[in-house]
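> So here's coords.tsv, just TSV, C-alpha atoms:
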```tsv
chain	number	residue	atom	x	y	z
T	1017	MET	CA	-75.06	2.17	-53.04
T	1018	LYS	CA	-71.35	2.55	-52.85
T	1019	GLN	CA	-71.21	-0.80	-51.12
T	1020	GLN	CA	-72.95	-2.49	-54.08
T	1021	GLN	CA	-70.61	-0.87	-56.58
T	1022	LYS	CA	-67.68	-2.12	-54.55
T	1023	HIS	CA	-69.03	-5.72	-54.63
T	1024	LYS	CA	-69.56	-5.50	-58.39
T	1025	LEU	CA	-66.00	-4.30	-58.92
T	1026	VAL	CA	-64.60	-7.17	-56.86
T	1027	PHE	CA	-66.74	-9.67	-58.77
T	1028	ALA	CA	-65.52	-8.29	-62.11
T	1029	ILE	CA	-61.87	-8.58	-61.01
T	1030	VAL	CA	-62.41	-12.17	-59.90
T	1031	VAL	CA	-64.04	-13.05	-63.25
T	1032	ILE	CA	-61.12	-11.45	-65.17
T	1033	VAL	CA	-58.57	-13.37	-63.07
T	1034	LEU	CA	-60.39	-16.68	-63.65
T	1035	LEU	CA	-60.59	-16.05	-67.39
T	1036	SER	CA	-56.86	-15.22	-67.46
T	1037	LEU	CA	-55.99	-18.44	-65.60
T	1038	GLY	CA	-58.06	-20.49	-68.05
T	1039	ALA	CA	-56.30	-18.87	-70.99
T	1040	CYS	CA	-52.87	-19.63	-69.44
T	1041	LYS	CA	-53.85	-23.24	-68.92
T	1042	GLN	CA	-54.90	-23.50	-72.58
T	1043	GLU	CA	-51.58	-22.01	-73.76
T	1044	ALA	CA	-49.52	-24.40	-71.54
T	1045	ALA	CA	-51.08	-27.57	-73.06
T	1046	PRO	CA	-48.35	-29.85	-74.68
T	1047	PRO	CA	-48.19	-29.89	-78.50
T	1048	PRO	CA	-49.01	-33.12	-80.39
T	1049	ALA	CA	-46.11	-35.62	-80.83
T	1050	PRO	CA	-44.18	-35.25	-84.17
T	1051	PRO	CA	-44.28	-38.14	-86.67
T	1052	PRO	CA	-41.34	-40.58	-86.73
T	1053	PRO	CA	-38.47	-39.29	-88.88
T	1054	GLU	CA	-38.11	-40.69	-92.36
T	1055	VAL	CA	-34.99	-42.67	-93.17
T	1056	LYS	CA	-34.00	-44.42	-96.38
T	1057	VAL	CA	-33.11	-48.08	-96.02
T	1058	ILE	CA	-31.98	-51.03	-98.12
T	1059	THR	CA	-32.76	-54.68	-97.52
T	1060	VAL	CA	-29.64	-56.85	-97.28
T	1061	VAL	CA	-29.74	-59.59	-99.93
T	1062	PRO	CA	-27.03	-62.27	-100.24
T	1063	GLU	CA	-25.10	-62.23	-103.54
T	1064	THR	CA	-22.34	-64.17	-105.29
T	1065	ILE	CA	-19.50	-61.80	-106.15
T	1066	PRO	CA	-15.88	-62.00	-107.31
T	1067	ASP	CA	-13.50	-62.14	-104.35
T	1068	GLU	CA	-10.13	-60.88	-105.56
T	1069	VAL	CA	-6.98	-59.89	-103.76
T	1070	GLU	CA	-3.84	-58.04	-104.80
T	1071	PHE	CA	-0.22	-58.97	-104.22
T	1072	ILE	CA	3.10	-57.35	-105.02
T	1073	GLY	CA	4.99	-59.25	-107.71
T	1074	GLN	CA	8.27	-58.98	-109.59
T	1075	THR	CA	8.84	-59.87	-113.21
T	1076	ASP	CA	11.44	-62.41	-114.25
T	1077	SER	CA	12.53	-63.70	-117.63
T	1078	PHE	CA	10.97	-66.94	-118.79
T	1079	ARG	CA	14.34	-68.63	-119.25
T	1080	PRO	CA	17.58	-66.93	-118.14
T	1081	VAL	CA	20.55	-68.83	-119.63
T	1082	GLU	CA	24.18	-68.36	-118.59
T	1083	ILE	CA	26.76	-68.68	-121.34
T	1084	ARG	CA	30.00	-70.39	-120.27
T	1085	SER	CA	32.79	-71.97	-122.26
T	1086	GLN	CA	33.21	-75.76	-122.29
T	1087	VAL	CA	36.95	-75.40	-123.02
T	1088	THR	CA	39.86	-73.38	-121.68
T	1089	GLY	CA	41.37	-71.02	-124.22
T	1090	ILE	CA	41.77	-67.50	-125.59
T	1091	ILE	CA	38.76	-65.60	-126.97
T	1092	LYS	CA	39.51	-64.91	-130.62
T	1093	LYS	CA	36.26	-63.25	-131.72
T	1094	VAL	CA	32.95	-61.95	-130.31
T	1095	PHE	CA	30.19	-62.18	-132.92
T	1096	PHE	CA	27.10	-60.63	-131.27
T	1097	THR	CA	26.02	-57.06	-130.53
T	1098	GLU	CA	25.32	-56.53	-126.86
T	1099	GLY	CA	21.74	-55.86	-125.85
T	1100	ARG	CA	20.27	-57.19	-129.08
T	1101	ASP	CA	18.04	-60.16	-129.79
T	1102	VAL	CA	19.74	-63.40	-130.81
T	1103	LYS	CA	18.23	-66.56	-132.22
T	1104	LYS	CA	18.92	-70.10	-131.18
T	1105	GLY	CA	22.06	-71.28	-132.97
T	1106	ASP	CA	23.54	-67.81	-133.59
T	1107	ARG	CA	27.32	-67.57	-133.15
T	1108	LEU	CA	28.40	-65.80	-129.96
T	1109	TYR	CA	32.13	-66.46	-129.27
T	1110	LEU	CA	35.07	-68.17	-130.94
T	1111	ILE	CA	37.81	-69.65	-128.77
T	1112	ASP	CA	41.12	-69.94	-130.63
T	1113	PRO	CA	40.67	-73.37	-132.31
T	1114	ILE	CA	44.29	-74.04	-133.42
T	1115	PRO	CA	45.38	-75.94	-130.26
T	1116	PHE	CA	42.20	-77.98	-130.38
T	1117	LYS	CA	42.65	-78.83	-134.07
T	1118	ALA	CA	46.13	-80.10	-133.26
T	1119	ALA	CA	44.80	-82.16	-130.35
T	1120	ALA	CA	42.09	-83.63	-132.56
T	1121	GLY	CA	44.66	-84.55	-135.24
T	1122	SER	CA	46.92	-86.21	-132.68
T	1123	ALA	CA	43.97	-88.15	-131.26
T	1124	ARG	CA	43.03	-89.33	-134.74
T	1125	GLY	CA	46.61	-90.57	-135.25
T	1126	GLN	CA	46.41	-92.49	-131.99
T	1127	VAL	CA	43.25	-94.18	-133.22
T	1128	GLY	CA	45.06	-95.23	-136.43
T	1129	GLN	CA	47.96	-96.69	-134.46
T	1130	ALA	CA	45.58	-98.58	-132.21
T	1131	VAL	CA	43.75	-100.00	-135.23
T	1132	ALA	CA	47.03	-101.18	-136.73
T	1133	ARG	CA	48.17	-102.74	-133.47
T	1134	LEU	CA	44.89	-104.59	-133.11
T	1135	ALA	CA	45.14	-105.91	-136.66
T	1136	GLN	CA	48.67	-107.15	-135.97
T	1137	ALA	CA	47.62	-108.80	-132.71
T	1138	ARG	CA	44.73	-110.61	-134.37
T	1139	ALA	CA	46.98	-111.81	-137.20
T	1140	GLU	CA	49.57	-113.13	-134.72
T	1141	LEU	CA	46.89	-114.97	-132.77
T	1142	ALA	CA	45.50	-116.48	-135.93
T	1143	ARG	CA	49.04	-117.69	-136.90
T	1144	VAL	CA	50.07	-119.31	-133.60
T	1145	LYS	CA	46.77	-120.89	-132.62
T	1146	PRO	CA	46.86	-123.74	-135.23
T	1147	LEU	CA	50.52	-124.42	-134.39
T	1148	LEU	CA	49.61	-125.31	-130.83
T	1149	ASP	CA	47.86	-128.48	-132.04
T	1150	GLU	CA	51.00	-129.46	-133.90
T	1151	GLN	CA	53.07	-128.63	-130.80
T	1152	ALA	CA	55.13	-126.23	-132.91
T	1153	VAL	CA	54.54	-123.47	-130.31
T	1154	SER	CA	54.01	-123.53	-126.59
T	1155	GLN	CA	50.82	-122.68	-124.73
T	1156	LYS	CA	52.58	-119.56	-123.45
T	1157	ASP	CA	53.00	-118.27	-126.99
T	1158	VAL	CA	49.25	-118.61	-127.58
T	1159	ASP	CA	48.41	-116.96	-124.26
T	1160	ASP	CA	50.71	-114.04	-125.09
T	1161	ALA	CA	48.98	-113.61	-128.46
T	1162	VAL	CA	45.52	-113.57	-126.81
T	1163	ALA	CA	46.69	-111.01	-124.23
T	1164	GLU	CA	48.16	-108.83	-126.97
T	1165	GLU	CA	44.86	-108.86	-128.87
T	1166	LEU	CA	42.93	-107.84	-125.74
T	1167	ALA	CA	45.43	-105.06	-124.99
T	1168	ALA	CA	45.18	-103.80	-128.57
T	1169	GLU	CA	41.37	-103.72	-128.34
T	1170	SER	CA	41.55	-101.73	-125.09
T	1171	THR	CA	44.06	-99.33	-126.62
T	1172	LEU	CA	41.73	-98.74	-129.56
T	1173	VAL	CA	38.76	-98.00	-127.26
T	1174	SER	CA	40.86	-95.51	-125.28
T	1175	ALA	CA	42.15	-93.86	-128.47
T	1176	LYS	CA	38.63	-93.49	-129.83
T	1177	ALA	CA	37.49	-91.90	-126.56
T	1178	ASP	CA	40.37	-89.42	-126.67
T	1179	PHE	CA	39.49	-88.62	-130.26
T	1180	GLU	CA	35.81	-88.01	-129.35
T	1181	LYS	CA	36.90	-85.70	-126.52
T	1182	ALA	CA	39.22	-83.79	-128.86
T	1183	ARG	CA	36.43	-83.44	-131.44
T	1184	PHE	CA	34.04	-82.26	-128.70
T	1185	ASP	CA	36.54	-79.61	-127.53
T	1186	LEU	CA	37.16	-78.46	-131.09
T	1187	LYS	CA	33.43	-78.18	-131.74
T	1188	ASN	CA	32.96	-76.14	-128.56
T	1189	THR	CA	35.50	-73.55	-129.53
T	1190	LEU	CA	32.54	-72.00	-131.36
T	1191	ILE	CA	29.94	-70.99	-128.75
T	1192	VAL	CA	26.39	-70.59	-130.08
T	1193	ALA	CA	23.14	-69.37	-128.50
T	1194	PRO	CA	21.22	-72.26	-126.87
T	1195	VAL	CA	17.94	-70.30	-126.86
T	1196	SER	CA	16.43	-67.27	-128.51
T	1197	GLY	CA	16.23	-64.09	-126.47
T	1198	ARG	CA	17.91	-60.80	-125.62
T	1199	ILE	CA	21.61	-61.02	-124.81
T	1200	GLU	CA	23.33	-59.14	-121.99
T	1201	ARG	CA	26.69	-57.39	-122.05
T	1202	SER	CA	29.77	-59.54	-122.56
T	1203	GLN	CA	31.88	-60.02	-119.45
T	1204	LEU	CA	35.03	-60.92	-121.44
T	1205	TYR	CA	36.34	-59.81	-124.83
T	1206	GLU	CA	38.98	-60.76	-127.42
T	1207	GLY	CA	42.34	-61.81	-126.04
T	1208	ARG	CA	41.07	-62.90	-122.61
T	1209	LEU	CA	41.78	-66.37	-121.25
T	1210	VAL	CA	38.61	-68.31	-120.47
T	1211	SER	CA	38.51	-71.16	-117.96
T	1212	ALA	CA	36.29	-74.07	-118.90
T	1213	GLN	CA	32.89	-74.12	-117.13
T	1214	THR	CA	34.02	-71.38	-114.74
T	1215	ASP	CA	34.01	-67.92	-116.30
T	1216	LEU	CA	30.62	-66.38	-117.09
T	1217	LEU	CA	30.76	-64.90	-120.57
T	1218	THR	CA	27.26	-63.42	-120.82
T	1219	SER	CA	23.57	-64.25	-120.30
T	1220	ILE	CA	20.56	-64.59	-122.57
T	1221	ARG	CA	17.09	-63.78	-121.28
T	1222	GLN	CA	14.07	-65.21	-123.04
T	1223	MET	CA	11.64	-62.29	-122.93
T	1224	ASP	CA	8.41	-63.83	-124.21
T	1225	PRO	CA	6.55	-65.03	-122.22
T	1226	MET	CA	7.39	-63.32	-118.92
T	1227	TYR	CA	7.14	-64.70	-115.38
T	1228	VAL	CA	5.83	-62.73	-112.40
T	1229	ASN	CA	6.85	-64.12	-109.00
T	1230	VAL	CA	4.47	-63.48	-106.10
T	1231	ASN	CA	4.95	-64.20	-102.39
T	1232	VAL	CA	1.63	-65.20	-100.80
T	1233	PRO	CA	1.46	-64.67	-97.00
T	1234	GLU	CA	0.65	-67.64	-94.82
T	1235	SER	CA	-2.23	-65.73	-93.17
T	1236	TYR	CA	-3.96	-65.32	-96.53
T	1237	ILE	CA	-3.59	-69.01	-97.40
T	1238	LEU	CA	-4.99	-70.09	-94.02
T	1239	ARG	CA	-7.94	-67.72	-94.37
T	1240	ARG	CA	-8.67	-68.95	-97.88
T	1241	GLN	CA	-8.57	-72.58	-96.73
T	1242	ARG	CA	-10.99	-71.82	-93.91
T	1243	GLU	CA	-13.40	-69.94	-96.20
T	1244	MET	CA	-13.36	-72.72	-98.79
T	1245	SER	CA	-13.94	-75.42	-96.16
T	1246	GLU	CA	-16.96	-73.43	-94.91
T	1247	ASP	CA	-18.20	-72.99	-98.52
T	1248	LEU	CA	-17.91	-69.22	-98.23
T	1249	VAL	CA	-15.56	-69.04	-101.20
T	1250	ARG	CA	-15.27	-71.18	-104.31
T	1251	ARG	CA	-12.65	-71.33	-107.04
T	1252	PRO	CA	-11.83	-73.34	-110.17
T	1253	ASP	CA	-8.79	-75.59	-110.46
T	1254	LEU	CA	-5.78	-73.90	-108.86
T	1255	PHE	CA	-3.92	-73.50	-112.14
T	1256	GLU	CA	-6.95	-71.93	-113.82
T	1257	LEU	CA	-6.63	-68.81	-111.65
T	1258	LYS	CA	-5.93	-65.67	-113.66
T	1259	GLY	CA	-3.85	-62.61	-112.85
T	1260	ILE	CA	-4.44	-58.97	-113.77
T	1261	MET	CA	-1.26	-56.90	-113.75
T	1262	THR	CA	-1.07	-53.23	-112.79
T	1263	MET	CA	2.11	-51.43	-113.73
T	1264	ALA	CA	4.06	-48.93	-111.62
T	1265	ASP	CA	2.37	-45.99	-113.37
T	1266	GLY	CA	-1.11	-47.31	-112.56
T	1267	THR	CA	-1.91	-48.63	-116.04
T	1268	THR	CA	-3.36	-52.11	-116.47
T	1269	TYR	CA	-1.44	-54.59	-118.59
T	1270	PRO	CA	-3.68	-55.57	-121.54
T	1271	HIS	CA	-3.12	-59.34	-121.24
T	1272	GLU	CA	-4.17	-61.71	-118.47
T	1273	GLY	CA	-1.70	-64.10	-116.90
T	1274	THR	CA	-2.21	-67.64	-115.67
T	1275	LEU	CA	-0.96	-69.25	-112.47
T	1276	ASP	CA	1.54	-71.91	-113.54
T	1277	PHE	CA	3.44	-72.67	-110.31
T	1278	ALA	CA	2.64	-72.83	-106.60
T	1279	GLY	CA	5.39	-73.49	-104.08
T	1280	THR	CA	5.48	-76.61	-101.97
T	1281	GLY	CA	6.79	-75.03	-98.78
T	1282	PHE	CA	6.82	-71.74	-96.89
T	1283	ARG	CA	9.94	-69.61	-96.85
T	1284	SER	CA	11.05	-69.32	-93.23
T	1285	GLU	CA	12.52	-65.83	-93.66
T	1286	THR	CA	9.27	-64.31	-94.98
T	1287	GLY	CA	6.52	-66.73	-93.88
T	1288	SER	CA	5.16	-66.81	-97.42
T	1289	LEU	CA	4.61	-69.28	-100.23
T	1290	GLN	CA	6.01	-68.42	-103.62
T	1291	SER	CA	3.70	-68.56	-106.62
T	1292	ARG	CA	4.28	-67.63	-110.23
T	1293	PHE	CA	2.12	-66.27	-113.05
T	1294	VAL	CA	3.06	-66.37	-116.72
T	1295	PHE	CA	2.11	-63.45	-118.99
T	1296	PRO	CA	2.50	-63.06	-122.73
T	1297	ASN	CA	5.09	-60.41	-123.53
T	1298	THR	CA	4.12	-59.85	-127.12
T	1299	ARG	CA	6.53	-58.06	-129.36
T	1300	GLN	CA	5.53	-54.76	-130.93
T	1301	ARG	CA	6.80	-53.40	-134.19
T	1302	SER	CA	9.63	-50.93	-134.04
T	1303	ILE	CA	8.72	-47.26	-134.22
T	1304	PRO	CA	8.72	-46.10	-137.89
T	1305	GLY	CA	11.90	-44.20	-138.69
T	1306	ASP	CA	13.70	-45.49	-135.60
T	1307	ARG	CA	17.10	-46.94	-136.45
T	1308	ASP	CA	16.84	-49.31	-133.52
T	1309	ASP	CA	15.41	-52.45	-135.09
T	1310	ARG	CA	14.98	-54.30	-131.81
T	1311	PRO	CA	11.43	-55.37	-130.89
T	1312	ILE	CA	9.80	-53.30	-128.17
T	1313	TYR	CA	8.80	-55.40	-125.16
T	1314	ALA	CA	6.18	-54.25	-122.68
T	1315	LEU	CA	7.77	-56.11	-119.75
T	1316	PHE	CA	11.37	-56.41	-118.59
T	1317	PRO	CA	12.88	-58.57	-115.84
T	1318	GLY	CA	13.02	-57.00	-112.38
T	1319	GLN	CA	9.92	-54.77	-112.57
T	1320	PHE	CA	7.69	-54.46	-109.49
T	1321	VAL	CA	3.99	-54.81	-110.33
T	1322	GLN	CA	0.67	-55.53	-108.65
T	1323	ILE	CA	-1.13	-58.78	-109.41
T	1324	ARG	CA	-4.89	-59.06	-108.82
T	1325	VAL	CA	-5.92	-62.72	-108.65
T	1326	LYS	CA	-9.13	-63.61	-110.50
T	1327	GLY	CA	-11.16	-66.79	-110.09
T	1328	TYR	CA	-12.33	-66.84	-106.46
T	1329	MET	CA	-16.09	-66.31	-105.97
T	1330	ARG	CA	-17.64	-65.43	-102.61
T	1331	THR	CA	-21.08	-66.95	-102.06
T	1332	ASN	CA	-23.84	-65.44	-99.87
T	1333	ALA	CA	-21.98	-62.15	-99.63
T	1334	LEU	CA	-23.75	-59.33	-97.79
T	1335	LEU	CA	-23.15	-55.89	-99.30
T	1336	VAL	CA	-24.21	-52.47	-98.03
T	1337	PRO	CA	-23.44	-49.04	-99.53
T	1338	GLN	CA	-20.33	-47.41	-98.16
T	1339	ARG	CA	-22.38	-44.43	-96.96
T	1340	ALA	CA	-24.29	-46.76	-94.59
T	1341	VAL	CA	-21.16	-47.76	-92.68
T	1342	GLN	CA	-20.30	-45.40	-89.82
T	1343	GLN	CA	-17.24	-45.14	-87.62
T	1344	GLY	CA	-17.62	-44.63	-83.89
T	1345	PRO	CA	-15.49	-44.81	-80.73
T	1346	GLN	CA	-16.23	-48.51	-80.43
T	1347	GLY	CA	-15.54	-49.31	-84.07
T	1348	THR	CA	-17.57	-49.72	-87.24
T	1349	PHE	CA	-21.36	-49.86	-87.10
T	1350	VAL	CA	-24.61	-49.43	-89.07
T	1351	TYR	CA	-28.18	-48.57	-88.10
T	1352	VAL	CA	-30.62	-51.47	-88.54
T	1353	VAL	CA	-34.41	-50.99	-88.53
T	1354	ASP	CA	-36.20	-53.87	-86.78
T	1355	GLU	CA	-39.72	-55.23	-87.32
T	1356	GLU	CA	-41.17	-52.55	-85.02
T	1357	ASN	CA	-39.51	-49.82	-87.07
T	1358	LYS	CA	-37.09	-49.00	-84.29
T	1359	ALA	CA	-33.49	-48.07	-85.06
T	1360	GLU	CA	-30.74	-50.25	-83.63
T	1361	LEU	CA	-27.02	-49.47	-83.60
T	1362	ARG	CA	-25.33	-52.66	-84.83
T	1363	PRO	CA	-21.55	-53.22	-84.63
T	1364	ILE	CA	-20.22	-54.90	-87.80
T	1365	MET	CA	-17.01	-56.10	-89.43
T	1366	ALA	CA	-16.54	-54.61	-92.90
T	1367	SER	CA	-13.55	-56.26	-94.55
T	1368	ALA	CA	-13.57	-55.28	-98.21
T	1369	TRP	CA	-15.31	-53.12	-100.75
T	1370	HIS	CA	-16.98	-54.08	-103.99
T	1371	GLY	CA	-17.63	-51.14	-106.26
T	1372	LYS	CA	-19.48	-48.67	-104.00
T	1373	ASP	CA	-20.47	-51.27	-101.41
T	1374	TRP	CA	-18.80	-52.69	-98.32
T	1375	LEU	CA	-18.55	-56.44	-97.87
T	1376	ILE	CA	-19.83	-57.27	-94.38
T	1377	GLU	CA	-18.32	-60.34	-92.74
T	1378	LYS	CA	-20.02	-60.16	-89.34
T	1379	GLY	CA	-22.90	-58.29	-87.72
T	1380	LEU	CA	-25.65	-58.47	-90.36
T	1381	ASN	CA	-28.12	-61.09	-91.51
T	1382	ALA	CA	-29.86	-61.49	-94.83
T	1383	GLY	CA	-33.23	-59.70	-94.98
T	1384	GLU	CA	-32.40	-56.97	-92.44
T	1385	GLN	CA	-33.00	-53.29	-93.27
T	1386	VAL	CA	-30.00	-50.97	-93.05
T	1387	VAL	CA	-30.26	-47.17	-92.93
T	1388	VAL	CA	-28.56	-45.50	-95.88
T	1389	GLU	CA	-29.71	-41.87	-95.53
T	1390	GLY	CA	-31.05	-39.81	-92.64
T	1391	PHE	CA	-28.51	-40.70	-89.94
T	1392	HIS	CA	-28.80	-37.29	-88.27
T	1393	ARG	CA	-32.45	-38.05	-87.49
T	1394	VAL	CA	-31.78	-41.49	-86.01
T	1395	ARG	CA	-31.37	-42.29	-82.32
T	1396	PRO	CA	-30.82	-45.85	-81.05
T	1397	GLY	CA	-34.18	-47.31	-79.96
T	1398	ALA	CA	-36.20	-44.46	-81.52
T	1399	GLN	CA	-39.13	-45.03	-83.87
T	1400	VAL	CA	-38.41	-44.28	-87.55
T	1401	ASN	CA	-40.34	-44.34	-90.79
T	1402	PRO	CA	-38.28	-46.52	-93.23
T	1403	ILE	CA	-38.50	-45.71	-96.94
T	1404	PRO	CA	-36.82	-47.91	-99.58
T	1405	PHE	CA	-33.64	-46.34	-100.91
T	1406	GLN	CA	-33.53	-45.83	-104.68
T	1407	SER	CA	-29.91	-45.84	-105.90
T	1408	PRO	CA	-29.20	-43.49	-108.81
T	1409	ALA	CA	-28.92	-45.16	-112.20
T	1410	ASP	CA	-25.32	-46.08	-112.93
T	1411	SER	CA	-24.48	-46.87	-116.53
T	1412	SER	CA	-21.01	-48.09	-115.72
T	1413	VAL	CA	-20.34	-51.59	-114.54
T	1414	SER	CA	-19.15	-51.87	-110.97
T	1415	PRO	CA	-15.44	-52.68	-110.79
T	1416	PRO	CA	-14.38	-56.00	-109.30
T	1417	ILE	CA	-13.95	-56.40	-105.60
T	1418	ASN	CA	-11.02	-54.62	-104.05
T	1419	VAL	CA	-9.69	-55.72	-100.71
T	1420	GLY	CA	-9.51	-52.95	-98.14
T	1421	ARG	CA	-6.71	-54.65	-96.25
T	1422	SER	CA	-4.80	-56.05	-99.24
T	1423	GLU	CA	-2.50	-58.97	-98.61
T	1424	LYS	CA	0.89	-57.76	-99.81
T	1425	SER	CA	4.29	-59.23	-99.45
```
Give the structure from this file in structure tokens form.


Amino acid sequence: MKQQQKHKLVFAIVVIVLLSLGACKQEAAPPPAPPPPEVKVITVVPETIPDEVEFIGQTDSFRPVEIRSQVTGIIKKVFFTEGRDVKKGDRLYLIDPIPFKAAAGSARGQVGQAVARLAQARAELARVKPLLDEQAVSQKDVDDAVAEELAAESTLVSAKADFEKARFDLKNTLIVAPVSGRIERSQLYEGRLVSAQTDLLTSIRQMDPMYVNVNVPESYILRRQREMSEDLVRRPDLFELKGIMTMADGTTYPHEGTLDFAGTGFRSETGSLQSRFVFPNTRQRSIPGDRDDRPIYALFPGQFVQIRVKGYMRTNALLVPQRAVQQGPQGTFVYVVDEENKAELRPIMASAWHGKDWLIEKGLNAGEQVVVEGFHRVRPGAQVNPIPFQSPADSSVSPPINVGRSEKS
């Protein structure tokens, strides 16, 4: 009896152990595989976008004119107010005219004497010439009369030339403005001796319009030529390119400029080609109540500004949102989802940005899907569940393209 109870107890223990092992095996079974992570993607579509670049420029007056005296003399009067606007023909300086009036009078007297001498020579020739046929005078007398007439004619020409020079000098004792513009400070004042065509008296700067000189690096020109030859970039006629000016305080000048000059050779000291834009420098009315009646110009010579060149268009441009571009130890990259919905780490070259997007030069092809959100769930080669990315509505217009590595001189 005890033996049977013992066997039953052993059997019960064995059954309990087997049931426990079965339960452990059930608990150790692997869980079902999780679904692929969701990522938001965009499909890369080629676009035609403005391709603009910025350069450093410096303003320069449209026509700087140096004022110098044509005659040597003493400054008798200065007519203008320094730093004010003058008009073409306004009086600027008066050189003491008395010596030049005397010289002009003397030259006029010399002309009168030459006229009288010529008249006498012609009369003498007319008297002796008929007498030669009658042999009342010799051939030498006639030859002397002809020579005297020729000498008198030459003397008259020389006297007239001296008189014209004296009148020119007298006229140039009054120096007038050759152009309209704003006049600089005078370098010399009343009582100073001025040397003809040597001493600088002052300068006039024509303020409207205004030039902006820009030095374009050789590397930029070579790149542009290559892109245009490969039909990656198009532009209108060279001198239809426009310029947008940004001032030193960050404000944008309200008027566009136009390219009106492109250099013909590179400057060896800078390796750049000089170009020039022309901007209107419209006058504004003086501030009410201000005693200064000068017009207020927006631009002055010598200012440093930024010029953004408009007119180039990049065709078949591939843009991706800036958030999609990642930076790693090996450089810039994005995640691309292939046809099997597997994520691929793709190295790229992002050269510029357009609004909120990067311009991709190398590494992507049109039609590929790029991950925009969900990077923390992506592993290279792993399966993902791509969902189209819906960009938030943006009422503002995207700004023009801005170059990340601006070409500046």

> Near Val1210 of chain T, within 8 Å and counting all atoms listed in the file, which residues show up once chain neighbours fewer than 2 positions away are dropped, as a PyMOL selection string?

chain T and resi 1085+1087-1091+1208+1212+1214-1215

> Which residues are close to Val1162 of chain T, i.e. within 8 Å by only C-alpha atoms, leaving aside same-chain residues fewer than 4 positions away? Reply as a list of chain:residue names.

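The neighbour list is T:Ala1137, T:Leu1141, T:Val1158, T:Leu1166.
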
> What does the structure give for the distance between atom CA of Lys1378 of chain T and atom CA of Val1341 of chain T, in Å to one decimal?

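Distance between the two atoms: 12.9 Å.
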
> At what distance in Å, to one decimal, does atom CA of Ala1366 of chain T lie from atom CA of Asn1381 of chain T?

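Between atom CA of Asn1381 of chain T and atom CA of Ala1366 of chain T the gap works out to 13.3 Å.
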
> Between atom CA of Glu1246 of chain T and atom CA of Val1325 of chain T, what is the distance in Å, rounded to a tenth?

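A separation of 20.6 Å between them.
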
> Show me a table, sorted first by chain and then by increasing residue number, of the residues of segment 1091-1111 of chain T having an atom at most 8 Å from segment 1187-1198 of chain T, each with its shortest atom pair and the distance in Å to one decimal, counting all atoms listed in the file and written as a tab-separated table.


```
residue	atom	partner	partner_atom	distance
T:Gly1099	CA	T:Arg1198	CA	6.3
T:Arg1100	CA	T:Arg1198	CA	5.5
T:Asp1101	CA	T:Arg1198	CA	4.2
T:Val1102	CA	T:Ser1196	CA	5.6
T:Lys1103	CA	T:Ser1196	CA	4.2
T:Lys1104	CA	T:Val1195	CA	4.4
T:Gly1105	CA	T:Ala1193	CA	5.0
T:Asp1106	CA	T:Val1192	CA	5.3
T:Arg1107	CA	T:Val1192	CA	4.4
T:Leu1108	CA	T:Val1192	CA	5.2
T:Tyr1109	CA	T:Ile1191	CA	5.1
T:Leu1110	CA	T:Leu1190	CA	4.6
T:Ile1111	CA	T:Thr1189	CA	4.6
```

> Using all atoms listed in the file, which protein or nucleic acid residues come within 9 Å of Thr1331 of chain T? Drop anything in the same chain fewer than 5 positions from it, and give the result as a count of residues only.

9

> Determine, counting all atoms listed in the file, which protein, DNA and RNA residues have an atom within 8 Å of an atom of Val1353 of chain T; residues of the same chain fewer than 6 positions away are not included. Present the result as a list of chain:residue names.

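Skipping anything fewer than 6 positions along the chain leaves T:Ala1359, T:Glu1360, T:Glu1384, T:Gln1385, T:Val1386, T:Val1387, T:Val1400, T:Pro1402.
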
> Keeping only C-alpha atoms, write the selected residues as a short mmCIF file (atom, residue, chain, number, x, y, z; two decimals), in the coordinates of the input.


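result29.cif, written as the output of this step:
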```cif
data_model
loop_
_atom_site.label_atom_id
_atom_site.label_comp_id
_atom_site.auth_asym_id
_atom_site.auth_seq_id
_atom_site.Cartn_x
_atom_site.Cartn_y
_atom_site.Cartn_z
CA ALA T 1359 -33.49 -48.07 -85.06
CA GLU T 1360 -30.74 -50.25 -83.63
CA GLU T 1384 -32.40 -56.97 -92.44
CA GLN T 1385 -33.00 -53.29 -93.27
CA VAL T 1386 -30.00 -50.97 -93.05
CA VAL T 1387 -30.26 -47.17 -92.93
CA VAL T 1400 -38.41 -44.28 -87.55
CA PRO T 1402 -38.28 -46.52 -93.23
#
```

> Using all atoms listed in the file, find the one residue out of T:Thr1348, T:Asn1231, T:Ser1174, T:Thr1075 that sits nearest to Leu1289 of chain T.

T:Asn1231

> Which one is closest to Asp1178 of chain T: T:Gly1121, T:Pro1233, T:Gly1207, T:Gly1287? Count all atoms listed in the file.

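That would be T:Gly1121, the residue with the smallest distance to Asp1178 of chain T.
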
> Just checking: using only C-alpha atoms, which residue out of T:Ile1058, T:Val1094, T:Val1069, T:Leu1204 ends up closest to Ile1260 of chain T?

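Answer, going by the shortest atom-to-atom distance: T:Val1069.
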
> Using all atoms listed in the file, which residue out of T:Glu1068, T:Pro1146, T:Gln1342, T:Met1329 lies closest to Ala1368 of chain T?

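Under the stated criterion, the closest residue is T:Glu1068.
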